[in-house]
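Below: structure07.txt (compact mmCIF, C-alpha atoms)
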# COMPACT_ATOMS: atom_id res chain seq x y z
CA MET T 1 118.14 98.87 182.25
CA PRO T 2 116.34 98.60 178.88
CA ASP T 3 117.06 95.64 176.64
CA THR T 4 119.58 96.15 173.83
CA PRO T 5 117.67 96.69 170.59
CA PRO T 6 118.04 93.97 167.96
CA PRO T 7 120.26 94.57 164.93
CA ALA T 8 118.61 96.62 162.20
CA SER T 9 119.23 93.82 159.70
CA GLY T 10 119.84 90.10 159.84
CA LEU T 11 123.00 90.86 157.89
CA ASP T 12 124.38 92.66 160.95
CA ARG T 13 124.53 89.41 162.91
CA LEU T 14 127.60 87.21 163.11
CA ILE T 15 126.65 83.66 162.18
CA PRO T 16 128.45 80.33 162.66
CA PRO T 17 130.15 78.87 159.58
CA GLU T 18 128.02 76.62 157.40
CA ILE T 19 130.86 75.03 155.42
CA ALA T 20 132.75 73.36 158.24
CA ASP T 21 134.42 69.95 158.30
CA ASP T 22 132.20 68.59 155.53
CA LYS T 23 132.64 67.37 151.97
CA LEU T 24 132.58 70.85 150.43
CA TYR T 25 135.16 72.09 152.95
CA ARG T 26 137.51 69.30 151.87
CA ALA T 27 136.79 69.93 148.17
CA ILE T 28 137.73 73.59 148.64
CA GLU T 29 141.00 72.57 150.29
CA ARG T 30 141.85 70.27 147.36
CA VAL T 31 141.11 72.94 144.76
CA ALA T 32 143.17 75.55 146.61
CA ALA T 33 146.12 73.14 146.78
CA THR T 34 145.95 72.30 143.05
CA ALA T 35 148.99 73.25 140.95
CA GLY T 36 148.26 76.16 138.66
CA VAL T 37 145.64 77.73 140.94
CA ARG T 38 146.93 81.22 141.66
CA GLN T 39 143.93 83.56 141.86
CA ILE T 40 140.89 82.53 143.94
CA LEU T 41 137.62 84.40 144.44
CA GLU T 42 135.37 83.60 147.39
CA ILE T 43 131.89 85.14 147.19
CA GLY T 44 130.31 85.07 150.64
CA ALA T 45 133.21 84.79 153.06
CA SER T 46 131.16 85.67 156.18
CA SER T 47 133.45 85.99 159.23
CA GLY T 48 136.15 83.78 157.68
CA ALA T 49 135.73 80.70 159.85
CA GLY T 50 134.23 78.37 157.23
CA SER T 51 135.01 78.34 153.53
CA THR T 52 137.74 80.96 153.92
CA GLU T 53 139.52 78.70 156.38
CA ALA T 54 139.30 75.86 153.84
CA TRP T 55 140.74 78.06 151.08
CA VAL T 56 143.62 79.15 153.32
CA SER T 57 144.33 75.59 154.46
CA GLY T 58 144.61 74.42 150.85
CA ALA T 59 146.57 77.47 149.73
CA LEU T 60 149.19 76.83 152.40
CA ARG T 61 149.84 73.46 150.77
CA ASN T 62 150.17 75.01 147.31
CA ALA T 63 153.75 75.87 146.35
CA GLU T 64 152.45 78.78 144.27
CA ARG T 65 150.64 80.28 147.31
CA PRO T 66 147.49 81.56 145.61
CA THR T 67 145.94 84.93 146.39
CA ILE T 68 142.47 84.58 147.92
CA HIS T 69 140.05 87.44 147.22
CA CYS T 70 137.20 87.36 149.76
CA ILE T 71 133.93 89.25 149.29
CA GLU T 72 131.68 89.90 152.29
CA VAL T 73 128.93 92.51 152.26
CA SER T 74 127.94 92.43 155.97
CA LEU T 75 129.91 95.05 157.89
CA PRO T 76 130.26 93.09 161.18
CA ARG T 77 131.12 89.86 159.37
CA PHE T 78 133.62 91.72 157.20
CA ALA T 79 135.29 93.18 160.30
CA ALA T 80 135.59 89.68 161.80
CA LEU T 81 136.95 88.36 158.50
CA VAL T 82 139.67 91.01 158.37
CA GLU T 83 140.62 90.45 162.01
CA ARG T 84 140.85 86.68 161.58
CA TRP T 85 143.12 86.72 158.51
CA GLN T 86 145.05 89.98 158.91
CA GLY T 87 148.30 88.09 159.39
CA HIS T 88 148.01 86.38 156.01
CA ASP T 89 149.01 88.77 153.25
CA PHE T 90 147.69 86.46 150.52
CA VAL T 91 144.14 86.85 151.88
CA ARG T 92 142.54 90.04 150.56
CA CYS T 93 139.17 91.14 151.90
CA TYR T 94 136.60 93.36 150.17
CA ASN T 95 133.46 94.90 151.67
CA VAL T 96 131.54 95.27 148.41
CA SER T 97 128.59 93.72 146.68
CA SER T 98 129.60 91.15 144.10
CA VAL T 99 127.09 92.65 141.64
CA PRO T 100 125.00 95.83 141.79
CA LEU T 101 121.35 96.11 142.75
CA GLU T 102 120.17 96.30 139.17
CA GLU T 103 121.37 92.72 138.64
CA PHE T 104 119.23 91.32 141.46
CA PRO T 105 116.14 89.38 140.35
CA SER T 106 112.68 90.92 140.58
CA ASP T 107 110.13 89.86 143.19
CA ASP T 108 108.09 88.19 140.45
CA GLU T 109 111.09 86.17 139.22
CA VAL T 110 111.81 84.85 142.71
CA ILE T 111 108.18 83.95 143.46
CA ARG T 112 107.80 82.28 140.08
CA PHE T 113 110.89 80.18 140.76
CA ARG T 114 109.57 79.24 144.20
CA SER T 115 106.21 78.10 142.84
CA GLN T 116 107.45 76.32 139.69
CA THR T 117 110.68 74.67 140.89
CA ARG T 118 110.96 71.88 143.42
CA SER T 119 113.73 73.63 145.32
CA LYS T 120 114.32 74.20 149.02
CA LEU T 121 112.48 77.53 148.74
CA ARG T 122 109.23 75.58 148.41
CA ASN T 123 109.51 74.98 152.15
CA VAL T 124 109.58 78.71 152.95
CA ARG T 125 106.59 81.03 152.94
CA PRO T 126 106.69 83.46 149.98
CA GLU T 127 106.47 86.45 152.34
CA LYS T 128 109.61 85.30 154.12
CA VAL T 129 111.49 84.73 150.85
CA LEU T 130 110.62 88.23 149.66
CA GLY T 131 111.66 89.54 153.07
CA TRP T 132 115.13 88.07 152.53
CA LEU T 133 115.29 89.71 149.10
CA ARG T 134 114.20 93.10 150.48
CA GLN T 135 116.73 92.79 153.30
CA ASP T 136 119.58 92.28 150.83
CA ARG T 137 118.49 95.19 148.64
CA GLU T 138 117.99 97.54 151.58
CA TYR T 139 121.36 96.67 153.11
CA LEU T 140 123.24 97.51 149.91
CA ALA T 141 121.31 100.74 149.46
CA GLN T 142 121.66 101.81 153.11
CA HIS T 143 125.42 101.25 153.21
CA GLY T 144 126.28 102.34 149.67
CA LEU T 145 127.57 98.89 148.74
CA SER T 146 125.84 98.43 145.38
CA ARG T 147 128.85 98.01 143.10
CA HIS T 148 130.28 95.82 140.38
CA GLY T 149 132.49 94.28 143.05
CA ILE T 150 133.77 91.34 141.03
CA ARG T 151 134.79 93.62 138.18
CA GLU T 152 136.54 95.99 140.59
CA ILE T 153 138.51 93.13 142.15
CA LYS T 154 139.56 91.87 138.72
CA ALA T 155 140.77 95.32 137.75
CA ALA T 156 142.64 95.92 141.02
CA ALA T 157 144.33 92.51 140.91
CA GLY T 158 145.02 92.48 137.18
CA VAL T 159 142.95 89.31 136.81
CA THR T 160 141.14 88.47 133.58
CA VAL T 161 139.84 85.06 134.66
CA PHE T 162 140.05 83.59 138.16
CA ASP T 163 141.48 80.11 138.59
CA ALA T 164 138.87 79.11 141.17
CA VAL T 165 135.62 80.68 142.37
CA LEU T 166 133.17 79.80 145.13
CA ILE T 167 129.67 81.18 144.59
CA ASP T 168 128.10 81.28 148.05
CA GLY T 169 126.95 84.83 148.64
CA SER T 170 123.41 86.19 148.59
CA GLU T 171 120.59 83.76 147.86
CA PHE T 172 119.63 85.97 144.94
CA THR T 173 122.82 86.85 143.04
CA GLY T 174 124.33 83.52 142.00
CA LYS T 175 123.15 83.71 138.40
CA ALA T 176 124.58 87.21 137.87
CA GLU T 177 127.82 86.21 139.60
CA LEU T 178 128.37 83.26 137.30
CA GLU T 179 128.19 85.60 134.32
CA GLU T 180 131.05 87.61 135.84
CA VAL T 181 133.31 84.63 136.59
CA TYR T 182 132.47 82.21 133.77
CA GLY T 183 135.65 80.73 132.33
CA ALA T 184 137.30 80.09 135.69
CA ARG T 185 139.14 76.77 135.80
CA PHE T 186 137.19 75.66 138.88
CA LEU T 187 133.64 76.76 139.72
CA LEU T 188 132.32 75.70 143.12
CA LEU T 189 128.60 76.12 143.79
CA ASP T 190 127.01 75.94 147.21
CA ASP T 191 123.22 75.63 147.68
CA ILE T 192 122.46 74.01 144.33
CA LYS T 193 119.03 73.01 145.62
CA SER T 194 117.99 76.61 146.17
CA PHE T 195 117.58 79.77 144.08
CA LYS T 196 121.22 80.74 144.58
CA ASN T 197 122.77 78.10 142.33
CA TRP T 198 119.92 75.99 140.94
CA GLU T 199 120.14 77.43 137.43
CA ASN T 200 123.93 77.67 137.58
CA PHE T 201 124.19 73.95 138.32
CA ASP T 202 121.89 73.06 135.42
CA ARG T 203 123.75 75.40 133.08
CA LEU T 204 127.20 74.01 133.90
CA LYS T 205 125.99 70.41 133.85
CA ARG T 206 124.87 70.90 130.24
CA ASP T 207 127.93 72.94 129.24
CA PRO T 208 130.54 70.93 127.30
CA ALA T 209 133.17 73.44 128.38
CA TYR T 210 132.91 72.11 131.96
CA ARG T 211 132.93 68.71 133.59
CA LEU T 212 131.31 67.86 136.89
CA VAL T 213 134.07 66.81 139.31
CA GLU T 214 132.05 66.31 142.46
CA LYS T 215 128.56 66.91 143.81
CA SER T 216 126.30 66.12 146.72
CA ARG T 217 122.61 66.91 146.97
CA TRP T 218 122.56 65.89 150.64
CA THR T 219 125.26 68.08 152.16
CA ARG T 220 123.13 70.93 153.53
CA ASN T 221 121.43 72.39 150.40
CA GLY T 222 123.75 70.58 148.02
CA TYR T 223 126.99 71.60 146.35
CA ALA T 224 128.90 70.94 143.13
CA VAL T 225 132.43 71.38 141.84
CA PHE T 226 133.05 71.90 138.13
CA GLU T 227 136.35 72.08 136.26
CA ARG T 228 136.88 73.60 132.83
CA ALA T 229 137.29 70.80 130.31
CA ALA T 230 140.07 72.43 128.35

Would you put the structure from the file into structure tokens?
Amino acid sequence: MPDTPPPASGLDRLIPPEIADDKLYRAIERVAATAGVRQILEIGASSGAGSTEAWVSGALRNAERPTIHCIEVSLPRFAALVERWQGHDFVRCYNVSSVPLEEFPSDDEVIRFRSQTRSKLRNVRPEKVLGWLRQDREYLAQHGLSRHGIREIKAAAGVTVFDAVLIDGSEFTGKAELEEVYGARFLLLDDIKSFKNWENFDRLKRDPAYRLVEKSRWTRNGYAVFERAA
């Protein structure tokens, strides 16, 4: 019998949760349980066993029972996400891109960042980094997922500004995503030592409208939690 062919894209593989029983997991729980947090956006939910679980755990301790909007672009991971949380009506799952293809960075922008910034991408060959970028672009194009997903979720839910947002989706869309969710009470950034949230972390750290609540540069690729100052 011939071997089963590999998935057409790395995005078609189910992967184990990265945010699991660590400091960011516990920070997510605390934010979700915070009074006044009612509308949560999770960018990069994967199969729902990591950060989504943390959001749900915290939300169940919140008397206001926030709604958790979960974005996952991978079709198999999205299916697993829906199956895992289908019994929780406050968890809403969306198989869309957070931002459209035209808001992805160019190849030149990514390679320039890799060569000029002492980030984790320095440890990865440029050909491999560009392969990741091409994979993301091709997946959205192939499956018709290039949309203004964050804007669509806001419109459908009647949300102007989310109370809490986790930016942990594609390596290449964090900067564009922050533009869409800026003003949220809590902004949680994963991978602050990589392209995904490097500039976002620097921007929020300098922004008087936000205060840094918590950070770690040593938990995986680093994370940070910001809260709006007023």

(request) Can you work out the spacing between atom CA of Asp190 of chain T and atom CA of Thr67 of chain T in Å, to one decimal? (result) 21.0 Å

Please build the interface table for segment 73-167 of chain T against segment 12-27 of chain T with a cut-off of 9 Å, listing for each qualifying residue the nearest atom pair and the distance in Å to one decimal; count all atoms listed in the file, order rows by chain and increasing number, and write it as CSV.
residue,atom,partner,partner_atom,distance
T:Ser74,CA,T:Asp12,CA,6.1
T:Leu75,CA,T:Asp12,CA,6.8
T:Pro76,CA,T:Asp12,CA,5.9
T:Arg77,CA,T:Leu14,CA,5.8
T:Ala80,CA,T:Leu14,CA,8.5

(request) Mind giving me the straight-line distance from atom CA of Arg147 of chain T to atom CA of Tyr94 of chain T in Å, one decimal? (result) 11.5 Å

(request) Have a look at atom CA of His88 of chain T and atom CA of Ala45 of chain T and let me know their distance in Å, one decimal. (result)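 Atom-to-atom, atom CA of His88 of chain T and atom CA of Ala45 of chain T are spaced 15.2 Å apart.
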
(request) Can you pull out every residue within 7 Å of Leu212 of chain T, counting only C-alpha atoms, but drop anything in the same chain fewer than 3 positions away, and send it as an MDAnalysis selection string? (result) chainID T and resid 205 225:227

(request) Using all atoms listed in the file, determine which residues lie at most 12 Å from Asn62 of chain T, disregarding the query and same-chain residues fewer than 2 positions distant; provide the list as a PyMOL selection string. (result) chain T and resi 29-39+55-60+64-67

(request) Choose the residue, out of T:Thr160, T:Gln135, T:Ser97, T:Gln86, that has the smallest atom-to-atom separation from Ala176 of chain T; count only C-alpha atoms. (result) T:Ser97

(message) Ranking T:Asp163, T:Leu121, T:Val73, T:Ser47 by minimum distance to Trp85 of chain T and counting all atoms listed in the file, which one comes first?
(response) T:Ser47

(message) What's around Lys196 of chain T at 7 Å? Count only C-alpha atoms, leave out sequence neighbours fewer than 2 positions away in its own chain, and write the answer as a count of residues only.
(response) 8

(request) Using only C-alpha atoms, determine which residues lie at most 8 Å from Leu166 of chain T, disregarding the query and same-chain residues fewer than 3 positions distant; provide the list as number ranges by chain. (result) T: 41-43, 187-190

(message) Residues within 7 Å of Cys93 of chain T, please, as a list in words. Count only C-alpha atoms; anything in the same chain fewer than 6 positions from it doesn't count.
(response) His69, Cys70, Ile71 and Val82 of chain T

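Take the candidates T:Phe195, T:Ser170, T:Asp89, T:Glu109 and check each one against Val124 of chain T using only C-alpha atoms; the shortest distance goes to T:Phe195.
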
(request) Give the answer as one residue: which of T:Lys193, T:Gly149, T:Lys215, T:Ala157 has the shortest atom-to-atom distance to Arg122 of chain T, using only C-alpha atoms? (result)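 Going through T:Lys193, T:Gly149, T:Lys215, T:Ala157 one by one, the smallest distance to Arg122 of chain T is for T:Lys193.
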